[in-house]
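A short write-up of the structure that comes next.
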Amino acid sequence: MLLENNFDIKMLTSFKIGGKIKKVYFPSSVDEFVEILKTEPEAKVFGNLSNTLISSDGYDGVIVLTTKMYNVDFYGTRVVADCGIKGPKLSRLAAANGLSGFEFMIGFPGTLGGNICMNASANKQCISDKLVSVLCFDGSEVKKYTKEQMNFAYRHSVCMEKKLIVLSAEFELENAEIPVIKEKMDMNLHFRKGHQPSLALPNCGSVFKNPDGDSAGRLLDSIGAKNMSSGGVHVWENHANFIINDNNGTSLDVLMLMEKMSNAVELEYGIKLKPEVRYLGGNNKIEEELCKKLLIESIKNQK
Ligand SMILES: Cc1cc2nc3c(=O)[nH]c(=O)nc-3n(C[C@H](O)[C@H](O)[C@H](O)COP(=O)(O)OP(=O)(O)OC[C@H]3O[C@@H](n4cnc5c(N)ncnc54)[C@H](O)[C@@H]3O)c2cc1C
């Protein structure tokens, strides 16, 4: 099994930000993954690091990256996939098998496990729509959870309430004509071109969640966020809910920019935006304080 010590994680994150991690495991099968989770109970699990800000000052703990586990099996309209498969690959494989339901995953880089934890969605499709069950490790046992037991809500799942690690998941898709599925995928990609930055501009997707009945992008745009920057990072010119790191930005730059954005919206509208991006760190006191103020989920403190 692949294990790296004192590993510089920066280039594996979609933000291209991060420091040294004490120990990083890359399991290549679900059995190997469970063994690691049993021997390293404090380990934190990540997929493609496309929704996570890792501190430039690193993390003195153990993490497991799931991206080398990408087995998928098709049984008619049933699909069973490992947690580390990336959404775009799963979307393309389903399309090739004439199966509809995964078209939305074509345009963003999350793994299946990350998508389930975050309850990822796009263009009116959502990871929980076609989900039947999820195989999870709960710290001592491997158990199957039904869709209802996953407690899905907007950018929320039971994985955020307790330490529950997604190993694999089962879906029931629908038969459809391949050209029809491909057209939906193309439409998703086309829509993104104007509304979301590509990975050529390092970013981590939407920074803040939409508040009830409104859009974080609209609120941020109205207070002039598109002109805001901090150190090596700035708000994207085309959509105010994205931060771009195109000048060797650091995690502190990102958190300081988020504070400016959040404070300006709160001052104007009295609305406290809640971050969608998650944070892993622990070596930088200023960052820990900013995370508390910003209500960012600090994964280090998760039980
Ligand atoms: C350009 C761009 C566009 C994006 N567009 C969208 C979009 O349209 N819709 C959307 O919803 N998101 C979008 N995102 C955000 C991101 O891709 C999603 O949140 C995705 O679900 C994160 O998956 P990941 O594997 O990268 O997760 P990571 O960043 O690695 O982890 C995110 C969280 O999931 C947890 N996690 C990861 N794997 C597991 C597992 N196996 N078991 C339990 N917990 C796990 C981690 O602990 C962490 O808390 C976008 C991001 C980028 C960079």
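Labels for the structure tokens follow display order: chains A, B, ..., residues from 1 in each chain, ligands from 1.
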- Which residues form the shell of 6 Å around ligand 1 when you count only C-alpha atoms and all ligand atoms, given as an MDAnalysis selection string? chainID A and resid 14 45:52 83 108:111 113:115 117:118 120:122 159 164:167 197:199 203:205
- Write out as number ranges by chain all residues of range 5-179 of chain A that DSSP puts in strand (DSSP E or B) for this structure's backbone. A: 5-8, 20-26, 44-46, 52-54, 59-65, 72-75, 78-82, 86, 99-100, 111, 121-122, 125-126, 131-137, 142-146, 153, 156, 165-172, 174-175
- Query: Could you pull the residues within 10 Å of Asp60 in chain A, counting only C-alpha atoms, minus those fewer than 2 positions along the same chain, as a count of residues only?
  - Reply: 13
- One-decimal distance in Å that lies between CA of Ile106 in chain A and CA of Gly76 in chain A: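 Separating CA of Gly76 in chain A from CA of Ile106 in chain A is a distance of 21.2 Å.
Of the listed residues (A:Asn5, A:Asn123, A:Ser206, A:Ser157), A:Asn5 comes nearest to Gly61 in chain A; the distances count only C-alpha atoms.
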- Task: Enumerate the residues of range 107-265 of chain A with a DSSP assignment of alpha helix (DSSP H), computed from the backbone, and present them as a PyMOL selection string.
- Result: chain A and resi 112-118+178-195+216-222+251-265
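The two atoms in question, CA of Asn188 in chain A and CA of Gly87 in chain A, are spaced 13.1 Å apart.
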Find the spatial neighbours of Asn151 in chain A, counting only C-alpha atoms, within a cut-off of 12 Å - ignore same-chain residues fewer than 4 positions away - and output them as a compact mmCIF listing (two decimals) with C-alpha atoms, in the first residue's frame.
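Contents of the output file out21.txt:
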```txt
# COMPACT_ATOMS: atom_id res chain seq x y z
CA ILE A 116 -22.04 11.94 -0.90
CA CYS A 117 -20.55 13.67 2.17
CA MET A 118 -21.30 17.11 0.66
CA ASN A 119 -24.59 16.04 -1.01
CA SER A 128 -28.98 11.55 -3.51
CA VAL A 134 -24.15 3.54 1.00
CA TYR A 145 -27.00 2.82 5.24
CA THR A 146 -30.21 3.45 3.33
CA LYS A 147 -30.74 6.76 1.55
CA ARG A 155 -24.83 20.43 1.27
CA HIS A 156 -25.39 18.15 4.25
CA SER A 157 -25.28 14.43 5.02
CA VAL A 158 -24.98 12.23 8.08
CA CYS A 159 -21.19 12.05 7.38
CA MET A 160 -21.00 15.56 8.85
CA GLU A 161 -22.90 14.61 12.00
CA LYS A 162 -20.72 11.67 12.99
```
- Message: Would you pick out the contacts of Leu90 in chain A at 10 Å or less, using only C-alpha atoms, so that residues sharing its chain but fewer than 3 positions from it are not included, and give the list as a count of residues only?
- Response: 18
- Nearest-residue call for Leu99 in chain A, choices A:Gly249, A:Gly217, A:Gly194, A:Pro179, using only C-alpha atoms: A:Pro179
- Skip Gly18 in chain A itself and residues of its chain fewer than 6 positions away, then list as a VMD selection string all residues within 9 Å of it, counting only C-alpha atoms. chain A and resid 8 to 12 53 to 58 250 to 251 281
- Query: When distances are computed from only C-alpha atoms, which of A:Gly84, A:Gly213, A:Gly224, A:Gly98 shows the smallest separation from Ser262 in chain A?
  - Reply: A:Gly224
- Give me, please, the distance in Å between CA of Leu189 in chain A and CA of Ser100 in chain A, quoted to one decimal.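 One can read the CA of Leu189 in chain A to CA of Ser100 in chain A distance as 15.9 Å.
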- Message: Here is a test: counting only C-alpha atoms, which residue of A:Ser29, A:Ser133, A:Ser298, A:Ser230 is nearest to Glu148 in chain A?
- Response: A:Ser133
- Pick from A:Asp31, A:Glu183, A:Glu40, A:Glu174, whichever lies nearest to Met69 in chain A using only C-alpha atoms: A:Asp31
- Would you mind telling me which residue in A:Leu219, A:Leu295, A:Val254, A:Ala169 lies nearest to Leu135 in chain A when using only C-alpha atoms?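 Of A:Leu219, A:Leu295, A:Val254, A:Ala169, the one nearest Leu135 in chain A, counting only C-alpha atoms, is A:Ala169.
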